[in-house]
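Next comes model_32.cif, a file with mmCIF, C-alpha atoms.
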```cif
data_model
loop_
_atom_site.label_atom_id
_atom_site.label_comp_id
_atom_site.auth_asym_id
_atom_site.auth_seq_id
_atom_site.Cartn_x
_atom_site.Cartn_y
_atom_site.Cartn_z
CA MET A 1 0.00 0.00 0.00
CA SER A 2 1.22 3.50 -0.79
CA GLY A 3 1.69 6.34 1.68
CA ALA A 4 -1.55 7.98 0.52
CA PRO A 5 -4.33 8.53 3.08
CA THR A 6 -6.70 5.61 3.55
CA ALA A 7 -9.98 5.14 5.34
CA ALA A 8 -9.20 1.62 6.49
CA SER A 9 -8.40 2.68 10.03
CA SER A 10 -11.77 4.38 10.43
CA GLY A 11 -13.64 1.15 9.83
CA ASN A 12 -15.57 2.61 6.88
CA HIS A 13 -16.60 -0.37 4.74
CA SER A 14 -19.48 1.31 2.90
CA LEU A 15 -17.44 3.06 0.21
CA HIS A 16 -18.78 2.26 -3.25
CA LEU A 17 -18.03 3.61 -6.73
CA PRO A 18 -21.17 3.96 -8.87
CA THR A 19 -20.44 3.14 -12.54
CA PRO A 20 -23.73 3.48 -14.46
CA THR A 21 -22.19 3.30 -17.94
CA LEU A 22 -20.17 0.21 -17.05
CA ASP A 23 -23.27 -1.42 -15.58
CA ALA A 24 -25.29 -0.70 -18.72
CA GLU A 25 -22.61 -1.59 -21.29
CA SER A 26 -20.78 -4.44 -19.53
CA GLN A 27 -22.55 -7.37 -21.21
CA SER A 28 -22.30 -5.88 -24.69
CA LEU A 29 -18.65 -4.96 -24.20
CA LEU A 30 -17.73 -8.44 -22.95
CA GLN A 31 -19.42 -9.96 -26.00
CA SER A 32 -17.36 -7.71 -28.26
CA ILE A 33 -14.17 -8.62 -26.40
CA SER A 34 -14.97 -12.34 -26.68
CA ALA A 35 -15.59 -11.91 -30.41
CA GLN A 36 -11.99 -10.71 -30.68
CA GLY A 37 -10.68 -13.79 -28.89
CA GLY A 38 -10.74 -12.32 -25.38
CA TYR A 39 -12.46 -15.28 -23.70
CA ALA A 40 -9.97 -15.40 -20.84
CA TYR A 41 -10.44 -11.69 -20.23
CA ALA A 42 -14.23 -12.12 -20.14
CA ARG A 43 -13.91 -14.89 -17.55
CA MET A 44 -11.67 -12.76 -15.34
CA ALA A 45 -14.01 -9.77 -15.67
CA ALA A 46 -16.97 -11.92 -14.59
CA LEU A 47 -15.01 -13.11 -11.54
CA ALA A 48 -14.11 -9.49 -10.74
CA VAL A 49 -17.77 -8.54 -10.69
CA ALA A 50 -18.37 -11.46 -8.32
CA GLY A 51 -15.82 -10.01 -5.88
CA ASP A 52 -12.44 -11.45 -6.91
CA GLN A 53 -9.84 -8.66 -6.79
CA SER A 54 -7.03 -10.81 -8.20
CA ALA A 55 -9.24 -11.57 -11.22
CA ALA A 56 -9.78 -7.84 -11.78
CA GLU A 57 -6.01 -7.30 -11.75
CA ALA A 58 -5.49 -10.26 -14.10
CA ALA A 59 -8.04 -8.82 -16.54
CA ARG A 60 -6.23 -5.46 -16.43
CA ASP A 61 -2.92 -7.19 -17.22
CA MET A 62 -4.49 -9.03 -20.16
CA ALA A 63 -5.86 -5.80 -21.62
CA TRP A 64 -2.52 -4.07 -21.04
CA GLU A 65 -0.78 -6.75 -23.10
CA GLN A 66 -3.23 -6.14 -25.95
CA LEU A 67 -2.54 -2.39 -25.81
CA HIS A 68 1.15 -3.18 -26.35
CA SER A 69 0.75 -5.86 -29.00
CA GLY A 70 1.71 -3.49 -31.81
CA PRO A 71 1.66 0.18 -32.88
CA TRP A 72 -0.89 2.21 -30.90
CA HIS A 73 -2.95 3.05 -34.00
CA SER A 74 -3.40 -0.66 -34.74
CA VAL A 75 -4.87 -1.53 -31.32
CA LEU A 76 -8.55 -2.43 -31.62
CA PRO A 77 -10.78 0.13 -29.82
CA VAL A 78 -12.54 -2.68 -27.97
CA TRP A 79 -9.30 -3.50 -26.12
CA ARG A 80 -8.94 0.10 -25.01
CA ASP A 81 -12.44 -0.08 -23.58
CA ALA A 82 -11.55 -3.43 -22.02
CA TYR A 83 -8.63 -1.76 -20.27
CA SER A 84 -10.92 1.00 -18.96
CA MET A 85 -13.35 -1.63 -17.68
CA ALA A 86 -10.61 -3.49 -15.82
CA CYS A 87 -9.27 -0.26 -14.32
CA LEU A 88 -12.73 0.56 -13.00
CA HIS A 89 -13.03 -2.91 -11.44
CA VAL A 90 -9.61 -2.57 -9.78
CA ALA A 91 -10.44 0.94 -8.55
CA LYS A 92 -13.69 -0.30 -7.00
CA PHE A 93 -11.79 -2.76 -4.80
CA HIS A 94 -9.23 -0.19 -3.68
CA PHE A 95 -11.90 2.42 -2.98
CA ALA A 96 -13.96 0.00 -0.93
CA ALA A 97 -10.83 -0.68 1.15
CA GLY A 98 -10.22 3.03 1.63
CA GLU A 99 -7.04 2.86 -0.51
CA PHE A 100 -7.63 6.15 -2.29
CA GLY A 101 -4.17 6.54 -3.80
CA GLU A 102 -4.31 3.13 -5.45
CA ALA A 103 -7.87 3.77 -6.65
CA LEU A 104 -6.86 7.06 -8.27
CA GLY A 105 -3.85 5.39 -9.89
CA ALA A 106 -6.07 2.77 -11.52
CA LEU A 107 -8.58 5.38 -12.69
CA ASP A 108 -5.90 7.62 -14.15
CA MET A 109 -4.43 4.73 -16.12
CA GLY A 110 -7.89 4.11 -17.51
CA LEU A 111 -8.18 7.76 -18.54
CA ILE A 112 -4.70 7.89 -20.06
CA MET A 113 -4.62 4.52 -21.84
CA GLY A 114 -8.26 3.44 -22.12
CA GLY A 115 -11.00 4.04 -24.64
CA THR A 116 -13.90 6.48 -24.77
CA LEU A 117 -16.86 4.26 -23.83
CA LEU A 118 -16.34 4.42 -20.06
CA ARG A 119 -14.67 7.81 -19.84
CA LYS A 120 -17.56 9.44 -17.95
CA ASP A 121 -17.52 6.69 -15.32
CA LEU A 122 -13.77 7.18 -14.94
CA HIS A 123 -14.08 10.95 -14.58
CA ASP A 124 -16.97 10.75 -12.12
CA SER A 125 -15.13 8.13 -10.08
CA VAL A 126 -12.04 10.34 -9.91
CA LEU A 127 -14.15 13.16 -8.49
CA LEU A 128 -15.64 10.91 -5.82
CA VAL A 129 -12.34 9.31 -4.81
CA SER A 130 -10.55 12.66 -4.79
CA SER A 131 -13.23 14.12 -2.54
CA GLU A 132 -12.88 11.29 -0.04
CA ALA A 133 -9.07 11.51 -0.18
CA ARG A 134 -9.15 15.25 0.59
CA LYS A 135 -11.41 14.66 3.58
CA MET A 136 -8.92 12.17 4.95
CA ALA A 137 -5.91 14.41 4.19
CA LYS A 138 -7.49 17.34 6.03
CA SER A 139 -8.05 15.16 9.08
CA LEU A 140 -4.38 14.17 9.18
CA GLY A 141 -3.02 17.65 9.84
CA ASP A 142 -2.20 21.07 8.39
CA PHE A 143 0.01 21.80 5.38
CA LYS A 144 3.35 23.59 5.53
CA GLY A 145 2.73 26.06 2.72
CA GLU A 146 6.12 25.76 0.99
CA LYS A 147 6.39 27.82 -2.20
CA LEU A 148 7.71 26.39 -5.44
CA VAL A 149 9.29 29.57 -6.81
CA PRO A 150 10.35 32.57 -4.70
CA GLU A 151 9.62 36.04 -6.06
CA VAL A 152 13.10 37.04 -7.21
CA PRO A 153 13.81 39.39 -10.15
CA VAL A 154 15.74 38.06 -13.13
CA ASP A 155 19.49 38.73 -13.14
CA VAL A 156 19.94 39.25 -16.88
CA ASN A 157 23.73 38.88 -16.75
CA GLU A 158 23.40 35.48 -15.07
CA VAL A 159 20.60 34.39 -17.41
CA LEU A 160 22.65 35.23 -20.50
CA LYS A 161 25.25 32.65 -19.43
CA ILE A 162 22.77 29.81 -20.04
CA LEU A 163 20.82 31.19 -23.01
CA PRO A 164 21.63 30.65 -26.71
CA LEU A 165 24.12 33.04 -28.30
CA ARG A 166 22.82 36.51 -29.22
CA SER A 167 19.88 36.22 -26.82
CA LEU A 168 18.20 39.53 -25.88
CA THR A 169 20.23 41.37 -28.56
CA SER A 170 17.82 41.19 -31.49
CA GLY A 171 14.21 42.39 -31.69
CA ARG A 172 12.28 42.15 -28.42
CA VAL A 173 8.69 40.98 -28.39
CA GLU A 174 6.48 43.98 -27.64
CA LYS A 175 4.75 44.01 -24.26
CA ARG A 176 1.23 45.42 -23.98
CA CYS A 177 -0.64 46.01 -20.71
CA ASP A 178 -4.41 45.45 -20.63
CA LEU A 179 -4.48 44.89 -24.40
CA SER A 180 -8.03 45.31 -25.75
CA MET A 181 -9.63 42.70 -27.98
CA GLU A 182 -9.77 45.25 -30.81
CA GLY A 183 -6.09 46.07 -30.37
CA PHE A 184 -5.14 42.40 -30.30
CA LEU A 185 -7.14 41.68 -33.45
CA ARG A 186 -5.86 44.70 -35.38
CA ASP A 187 -2.22 44.85 -34.33
CA TYR A 188 -1.26 41.21 -33.78
CA PHE A 189 -3.80 38.58 -34.82
CA GLN A 190 -4.42 39.92 -38.32
CA THR A 191 -0.77 40.82 -38.90
CA GLY A 192 0.56 37.55 -37.49
CA THR A 193 2.82 39.27 -34.96
CA PRO A 194 3.80 37.91 -31.51
CA VAL A 195 3.00 40.00 -28.44
CA VAL A 196 3.39 39.66 -24.67
CA ILE A 197 0.22 40.66 -22.82
CA THR A 198 0.61 41.80 -19.22
CA ASN A 199 -1.90 42.35 -16.40
CA CYS A 200 -4.32 39.85 -17.91
CA MET A 201 -4.56 36.92 -15.50
CA ALA A 202 -4.43 38.36 -11.97
CA HIS A 203 -7.98 37.07 -11.44
CA TRP A 204 -6.99 33.43 -12.02
CA PRO A 205 -7.01 31.37 -8.78
CA ALA A 206 -4.00 29.55 -10.25
CA ARG A 207 -1.86 32.66 -9.84
CA THR A 208 -1.86 32.22 -6.06
CA LYS A 209 -2.60 28.51 -5.67
CA TRP A 210 -0.14 26.86 -8.06
CA ASN A 211 2.97 28.24 -6.39
CA HIS A 212 2.18 26.26 -3.24
CA LEU A 213 3.31 22.67 -2.86
CA ASP A 214 0.61 21.94 -0.31
CA TYR A 215 -2.16 22.88 -2.74
CA LEU A 216 -0.75 20.92 -5.69
CA THR A 217 -0.15 17.90 -3.50
CA SER A 218 -3.64 18.02 -1.99
CA VAL A 219 -5.50 18.22 -5.33
CA ALA A 220 -3.19 16.16 -7.53
CA GLY A 221 -0.64 14.29 -5.42
CA ASN A 222 -2.15 10.83 -5.94
CA ARG A 223 -2.89 11.33 -9.64
CA THR A 224 -0.86 9.57 -12.33
CA VAL A 225 0.61 11.72 -15.13
CA PRO A 226 2.90 11.13 -18.13
CA VAL A 227 6.26 12.90 -17.92
CA GLU A 228 9.28 13.30 -20.17
CA VAL A 229 12.74 12.41 -18.85
CA GLY A 230 15.87 13.74 -20.56
CA LYS A 231 17.05 16.91 -22.26
CA ASN A 232 14.29 17.06 -24.90
CA TYR A 233 12.35 14.93 -27.36
CA LEU A 234 15.03 15.19 -30.06
CA CYS A 235 17.72 13.51 -27.91
CA SER A 236 18.42 9.77 -28.05
CA ASP A 237 18.23 9.32 -24.26
CA TRP A 238 14.79 10.96 -24.02
CA LYS A 239 11.98 8.77 -22.67
CA GLN A 240 8.50 8.96 -21.19
CA GLU A 241 7.24 7.59 -17.87
CA LEU A 242 4.02 7.41 -15.88
CA VAL A 243 4.44 8.66 -12.30
CA THR A 244 2.27 10.07 -9.54
CA PHE A 245 2.13 13.84 -9.31
CA SER A 246 3.72 13.67 -5.84
CA LYS A 247 6.68 11.73 -7.21
CA PHE A 248 7.00 14.23 -10.03
CA LEU A 249 7.06 17.14 -7.56
CA GLU A 250 9.74 15.40 -5.53
CA ARG A 251 11.85 14.88 -8.65
CA MET A 252 11.62 18.56 -9.47
CA ARG A 253 12.76 19.49 -5.98
CA THR A 254 15.69 17.09 -6.35
CA ASN A 255 16.63 18.72 -9.67
CA ARG A 256 17.33 21.95 -7.81
CA SER A 257 20.52 20.58 -6.27
CA THR A 258 21.61 17.66 -8.48
CA SER A 259 22.52 16.98 -12.09
CA VAL A 260 19.77 14.39 -12.54
CA GLU A 261 18.14 14.49 -15.99
CA PRO A 262 15.14 16.84 -15.80
CA THR A 263 11.62 15.46 -15.58
CA TYR A 264 9.08 17.52 -17.50
CA LEU A 265 5.29 17.34 -17.68
CA ALA A 266 5.05 18.66 -21.22
CA GLN A 267 2.07 19.26 -23.51
CA HIS A 268 -0.25 17.14 -21.39
CA PRO A 269 -4.04 17.75 -21.21
CA LEU A 270 -3.81 17.88 -17.42
CA PHE A 271 -6.96 19.96 -17.09
CA ASP A 272 -9.12 17.30 -18.74
CA GLN A 273 -7.77 14.93 -16.11
CA ILE A 274 -7.84 17.05 -12.94
CA ASN A 275 -10.93 19.25 -12.72
CA GLU A 276 -9.71 21.16 -9.67
CA LEU A 277 -6.80 22.57 -11.67
CA ARG A 278 -9.08 23.36 -14.63
CA ASP A 279 -11.24 25.45 -12.30
CA ASP A 280 -8.16 27.53 -11.39
CA ILE A 281 -7.74 29.01 -14.89
CA CYS A 282 -9.84 30.85 -17.47
CA ILE A 283 -9.74 30.65 -21.25
CA PRO A 284 -8.42 34.06 -22.35
CA ASP A 285 -10.91 36.11 -24.37
CA TYR A 286 -8.20 36.50 -27.02
CA CYS A 287 -8.69 32.81 -27.89
CA PHE A 288 -12.12 33.62 -29.33
CA VAL A 289 -10.73 36.14 -31.83
CA GLY A 290 -11.17 34.79 -35.35
CA GLY A 291 -14.38 32.93 -34.55
CA GLY A 292 -12.73 29.52 -34.40
CA ASP A 293 -12.56 26.75 -31.82
CA LEU A 294 -10.24 25.92 -28.96
CA GLN A 295 -8.16 22.98 -30.19
CA SER A 296 -6.22 22.03 -27.07
CA LEU A 297 -5.45 23.13 -23.54
CA ASN A 298 -2.16 21.77 -22.22
CA ALA A 299 0.07 21.99 -19.16
CA TRP A 300 3.85 22.54 -19.15
CA PHE A 301 5.35 22.01 -15.70
CA GLY A 302 8.98 21.37 -14.88
CA PRO A 303 12.20 22.49 -13.20
CA ALA A 304 14.60 25.20 -14.32
CA GLY A 305 16.56 24.18 -17.39
CA THR A 306 13.85 22.31 -19.26
CA VAL A 307 13.99 23.10 -22.98
CA THR A 308 11.47 22.77 -25.78
CA PRO A 309 13.65 22.80 -28.92
CA LEU A 310 12.99 25.00 -31.94
CA HIS A 311 9.73 23.99 -33.62
CA HIS A 312 6.45 25.39 -34.91
CA ASP A 313 2.78 24.55 -34.29
CA PRO A 314 -0.21 24.70 -36.65
CA HIS A 315 -2.54 26.80 -34.50
CA HIS A 316 -2.78 30.19 -32.82
CA ASN A 317 -1.20 29.83 -29.40
CA ILE A 318 -1.35 31.76 -26.15
CA LEU A 319 1.26 30.62 -23.65
CA ALA A 320 0.21 31.74 -20.17
CA GLN A 321 3.01 31.85 -17.60
CA VAL A 322 1.36 31.04 -14.26
CA VAL A 323 4.40 30.25 -12.08
CA GLY A 324 8.05 31.10 -12.73
CA LYS A 325 9.81 32.56 -15.77
CA LYS A 326 10.73 31.40 -19.26
CA TYR A 327 12.91 32.59 -22.10
CA VAL A 328 11.24 32.37 -25.53
CA ARG A 329 12.88 32.96 -28.92
CA LEU A 330 10.76 33.26 -32.09
CA TYR A 331 11.47 33.19 -35.83
CA PRO A 332 8.82 33.96 -38.48
CA SER A 333 7.44 31.16 -40.62
CA SER A 334 9.09 32.70 -43.69
CA LEU A 335 12.47 31.45 -42.42
CA GLN A 336 11.57 27.78 -42.74
CA ASP A 337 14.39 26.84 -45.15
CA GLU A 338 16.99 28.70 -43.10
CA LEU A 339 16.03 26.70 -39.99
CA TYR A 340 16.58 23.27 -41.59
CA PRO A 341 13.44 21.32 -40.58
CA TYR A 342 13.68 17.55 -40.28
CA SER A 343 12.57 15.62 -43.35
CA GLU A 344 10.87 12.85 -41.34
CA THR A 345 7.10 13.24 -41.19
CA MET A 346 6.93 12.93 -37.40
CA LEU A 347 9.51 15.70 -36.90
CA CYS A 348 8.85 17.96 -39.88
CA ASN A 349 7.73 20.78 -37.56
CA SER A 350 11.05 20.64 -35.64
CA SER A 351 14.35 22.26 -36.59
CA GLN A 352 17.62 20.37 -36.79
CA VAL A 353 19.33 23.48 -35.40
CA ASP A 354 20.25 23.16 -31.73
CA LEU A 355 20.19 26.78 -30.60
CA ASP A 356 22.17 25.87 -27.48
CA ASN A 357 25.03 24.59 -29.63
CA ILE A 358 24.67 25.63 -33.29
CA ASP A 359 26.81 23.71 -35.74
CA LYS A 360 27.88 26.62 -37.96
CA ASN A 361 29.28 24.33 -40.65
CA GLU A 362 26.19 22.17 -40.99
CA PHE A 363 23.61 24.97 -40.57
CA PRO A 364 25.31 28.17 -41.79
CA LYS A 365 22.06 29.94 -42.75
CA ALA A 366 20.80 29.82 -39.17
CA VAL A 367 23.73 31.58 -37.52
CA GLU A 368 22.94 35.25 -38.21
CA LEU A 369 19.18 35.11 -38.61
CA GLU A 370 17.13 37.89 -37.04
CA PHE A 371 14.66 36.82 -34.39
CA MET A 372 12.40 38.13 -31.64
CA ASP A 373 12.72 37.06 -28.02
CA CYS A 374 11.56 37.83 -24.51
CA ILE A 375 11.67 36.77 -20.91
CA LEU A 376 8.11 35.73 -20.11
CA GLU A 377 7.43 36.75 -16.54
CA GLU A 378 4.98 35.25 -14.10
CA GLY A 379 1.47 36.54 -14.87
CA GLU A 380 2.17 37.29 -18.55
CA MET A 381 0.81 35.72 -21.73
CA LEU A 382 2.66 35.33 -25.03
CA TYR A 383 0.75 35.16 -28.32
CA ILE A 384 2.54 32.93 -30.87
CA PRO A 385 1.01 33.05 -34.37
CA PRO A 386 0.62 29.81 -36.37
CA LYS A 387 3.80 28.37 -37.92
CA TRP A 388 6.11 30.75 -36.03
CA TRP A 389 9.20 28.86 -34.94
CA HIS A 390 9.87 29.04 -31.21
CA TYR A 391 12.40 27.79 -28.67
CA VAL A 392 11.53 27.81 -24.95
CA ARG A 393 13.75 27.46 -21.87
CA SER A 394 12.56 27.52 -18.24
CA LEU A 395 14.65 29.96 -16.18
CA THR A 396 13.09 28.82 -12.92
CA MET A 397 10.74 26.05 -11.92
CA SER A 398 7.84 26.83 -14.22
CA PHE A 399 4.14 26.05 -14.66
CA SER A 400 2.61 27.26 -17.93
CA VAL A 401 -0.62 26.70 -19.83
CA SER A 402 -0.92 26.73 -23.62
CA PHE A 403 -4.18 27.51 -25.39
CA TRP A 404 -4.31 26.47 -29.05
CA TRP A 405 -7.15 27.71 -31.20
CA SER A 406 -8.05 27.95 -34.87
CA ASN A 407 -9.77 30.75 -36.70
CA GLU A 408 -13.13 30.27 -38.37
CA ALA A 409 -11.68 29.41 -41.80
CA GLU A 410 -9.38 26.77 -40.30
CA SER A 411 -12.22 25.24 -38.28
CA SER A 412 -14.45 24.89 -41.35
CA ASP A 413 -11.61 23.24 -43.28
CA SER A 414 -10.97 20.61 -40.62
#
```
Could you take the file, read its structure, and then write that structure out as structure tokens?
Amino acid sequence: MSGAPTAASSGNHSLHLPTPTLDAESQSLLQSISAQGGYAYARMAALAVAGDQSAAEAARDMAWEQLHSGPWHSVLPVWRDAYSMACLHVAKFHFAAGEFGEALGALDMGLIMGGTLLRKDLHDSVLLVSSEARKMAKSLGDFKGEKLVPEVPVDVNEVLKILPLRSLTSGRVEKRCDLSMEGFLRDYFQTGTPVVITNCMAHWPARTKWNHLDYLTSVAGNRTVPVEVGKNYLCSDWKQELVTFSKFLERMRTNRSTSVEPTYLAQHPLFDQINELRDDICIPDYCFVGGGDLQSLNAWFGPAGTVTPLHHDPHHNILAQVVGKKYVRLYPSSLQDELYPYSETMLCNSSQVDLDNIDKNEFPKAVELEFMDCILEEGEMLYIPPKWWHYVRSLTMSFSVSFWWSNEAESSDS
């Protein structure tokens, strides 16, 4: 059993997870699984319903093997739903035993790796288990209130020692305070020009809550999240792992004083997974300019030194800096050839140029290119137009949110 709070000591044996979709769809889903040769899985699932926890875990293992039987896109959807079903069964046993951390771990794996059929049951179960876990945590004592990032101004001379050559010497991204919607549309959206917007997110609860370890641990500590380990996704030693949020926080704290490879929660739809964190932020009004749709809402959370290498994205992007500071360098889309994009399909939006160590012989066109850059301070938002190349480095421990949206023409095309 993990160190997460449990209700076992209180003698509460009435805890039950309602799963209406699972109850309604179980027979049909098991028939579909059996039709794909999953007879052993169906037997284990039936035993799980009858009260056999080991059978529930065996069914989950069987579904897990099917998820890893080949490329992800070739996995039959029914096996993803089978994995969700097994995760719900396992979570029910842990919840009934008051093992809230284990229950949340099983539910999160269902959300991350499972199918769509039982997603509402998974989400609703997470809310119920999280609520019970918070009740127990509050009864165990008060929090310490340690801050993630102290409020210290940037020492530009020190920062320049770790930034790419020529940083903060070219064009600076303009900063606008209280930028109106009309001004944003006229001066930046329609012209395709980056801008830093200040004094625009002071009303977000995240601005005060997310810099406190106690808050993040209380709402997300037992949740399972995917993280990246290594310098960045272009490096050979880069990998991905699934860890609890508490373990991730501890790794970040360790990174402050050691040379351990950084662990980065990057481009993850965390707010679809953890509703409490979603309630702490607001979609900026700027994201509705153009009449399109919000395409994705992602979290970027990691220690100082994490780097997102030079790349471009297909949508309008607002990067909101909630905690900490980042350096961002931008090149216009017109400089595509000079930035030597990879030829492989999966990496065609990434540059071969390592701005931290440019090979002048291999990439001579990139050396003297003009660019725009900025230090994105806590509480600021950066608008990045579609296809603009950008490189990002965290100067402190950093928690950011990216909002991708399309304009009306792009939405109708898709």
Per residue of stretch 231-265 of chain A within 12 Å of stretch 342-357 of chain A, record the nearest atom pair and its distance in Å to one decimal, counting only C-alpha atoms, with rows in chain order and ascending residue number, as a tab-separated table.
```
residue	atom	partner	partner_atom	distance
A:Lys231	CA	A:Asp356	CA	11.6
A:Asn232	CA	A:Asp354	CA	10.9
A:Tyr233	CA	A:Leu347	CA	10.0
A:Leu234	CA	A:Ser350	CA	8.8
A:Cys235	CA	A:Asp354	CA	10.7
```
I'd like to see the residues matched by the PyMOL selection byres ((chain A and resi 219) around 8) on this file, and ideally I'd get them as a ChimeraX atom specification. /A:130,134,215-218,220-221,276-277
Measuring atom to atom with all atoms listed in the file, identify which of A:Pro153, A:Pro71, A:Gly98, A:Gly115 is nearest to A:Met136.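 Under the stated criterion, the closest residue is A:Gly98.
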What does the distance from atom CA of A:Leu382 to atom CA of A:Glu174 come to in Å, to one decimal? 9.8 Å
If the PyMOL selection byres ((chain A and resi 309) around 7) is run on the structure shown, which residues does it catch, given as a ChimeraX atom specification? /A:307-308,310-311,391-392
Using all atoms listed in the file: which of A:Glu250, A:Asp187, A:Asp178, A:Asp155 has the shortest distance to A:Leu395: A:Asp155
Using only C-alpha atoms: which of A:Val173, A:Val154, A:Leu165, A:Leu185 has the shortest distance to A:Ile358: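 Among A:Val173, A:Val154, A:Leu165, A:Leu185, it is A:Leu165 that comes nearest to A:Ile358.
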When the PyMOL selection byres ((chain A and resi 387) around 8) is applied to the structure above, which residues does it catch, written out as a list in words?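 Given this file, the PyMOL selection byres ((chain A and resi 387) around 8) evaluates to His312, Asp313, Pro314, His315, Pro332, Ser333, Pro385, Pro386, Trp388 and Trp389 of chain A.
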Grab the residues selected above and save them as a PDB file, in the frame of the given file with C-alpha atoms.
```pdb
ATOM      1  CA  HIS A 312       6.450  25.390 -34.910  1.00  0.00           C
ATOM      2  CA  ASP A 313       2.780  24.550 -34.290  1.00  0.00           C
ATOM      3  CA  PRO A 314      -0.210  24.700 -36.650  1.00  0.00           C
ATOM      4  CA  HIS A 315      -2.540  26.800 -34.500  1.00  0.00           C
ATOM      5  CA  PRO A 332       8.820  33.960 -38.480  1.00  0.00           C
ATOM      6  CA  SER A 333       7.440  31.160 -40.620  1.00  0.00           C
ATOM      7  CA  PRO A 385       1.010  33.050 -34.370  1.00  0.00           C
ATOM      8  CA  PRO A 386       0.620  29.810 -36.370  1.00  0.00           C
ATOM      9  CA  TRP A 388       6.110  30.750 -36.030  1.00  0.00           C
ATOM     10  CA  TRP A 389       9.200  28.860 -34.940  1.00  0.00           C
TER      11      TRP A 389
END
```
Which is closest to A:Leu128 among A:Lys92, A:Ala320, A:Met381, A:Phe371, if we use all atoms listed in the file?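 Once distances to A:Leu128 are computed over all atoms listed in the file, the minimum belongs to A:Lys92.
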In Å, rounded to a single decimal, give me how far atom CA of A:Ala86 is from atom CA of A:Ala48. 8.6 Å
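Picture a line from atom CA of A:Ser131 to atom CA of A:Ser400; it runs 25.7 Å.
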Test item: residues at most 12 Å from A:Leu294, only C-alpha atoms, excluding those fewer than 4 positions along its chain, as a PDB file with C-alpha atoms, in the coordinates of the input:
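The file below, result04.pdb, is the result:
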```
ATOM      1  CA  ILE A 283      -9.740  30.650 -21.250  1.00  0.00           C
ATOM      2  CA  PRO A 284      -8.420  34.060 -22.350  1.00  0.00           C
ATOM      3  CA  ASP A 285     -10.910  36.110 -24.370  1.00  0.00           C
ATOM      4  CA  TYR A 286      -8.200  36.500 -27.020  1.00  0.00           C
ATOM      5  CA  CYS A 287      -8.690  32.810 -27.890  1.00  0.00           C
ATOM      6  CA  PHE A 288     -12.120  33.620 -29.330  1.00  0.00           C
ATOM      7  CA  VAL A 289     -10.730  36.140 -31.830  1.00  0.00           C
ATOM      8  CA  GLY A 290     -11.170  34.790 -35.350  1.00  0.00           C
ATOM      9  CA  ASN A 298      -2.160  21.770 -22.220  1.00  0.00           C
ATOM     10  CA  HIS A 315      -2.540  26.800 -34.500  1.00  0.00           C
ATOM     11  CA  HIS A 316      -2.780  30.190 -32.820  1.00  0.00           C
ATOM     12  CA  ASN A 317      -1.200  29.830 -29.400  1.00  0.00           C
ATOM     13  CA  ILE A 318      -1.350  31.760 -26.150  1.00  0.00           C
ATOM     14  CA  SER A 402      -0.920  26.730 -23.620  1.00  0.00           C
ATOM     15  CA  PHE A 403      -4.180  27.510 -25.390  1.00  0.00           C
ATOM     16  CA  TRP A 404      -4.310  26.470 -29.050  1.00  0.00           C
ATOM     17  CA  TRP A 405      -7.150  27.710 -31.200  1.00  0.00           C
ATOM     18  CA  SER A 406      -8.050  27.950 -34.870  1.00  0.00           C
ATOM     19  CA  ASN A 407      -9.770  30.750 -36.700  1.00  0.00           C
ATOM     20  CA  GLU A 408     -13.130  30.270 -38.370  1.00  0.00           C
ATOM     21  CA  GLU A 410      -9.380  26.770 -40.300  1.00  0.00           C
ATOM     22  CA  SER A 411     -12.220  25.240 -38.280  1.00  0.00           C
TER      23      SER A 411
END
```
What box, with edges along x, y and z, holds each listed atom of stretch 281-300 of chain A when 8 Å is added on every side, and can you state its centre and edge lengths in Å to one decimal, as AutoDock Vina command-line options?
```
--center_x -5.3 --center_y 29.1 --center_z -25.1 --size_x 34.2 --size_y 30.7 --size_z 36.5
```
Point out the residue among A:Val322, A:Leu104, A:Met109, A:Ile375 with the least atom-to-atom distance to A:Pro205, counting all atoms listed in the file.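 The closest residue to A:Pro205 is A:Val322.
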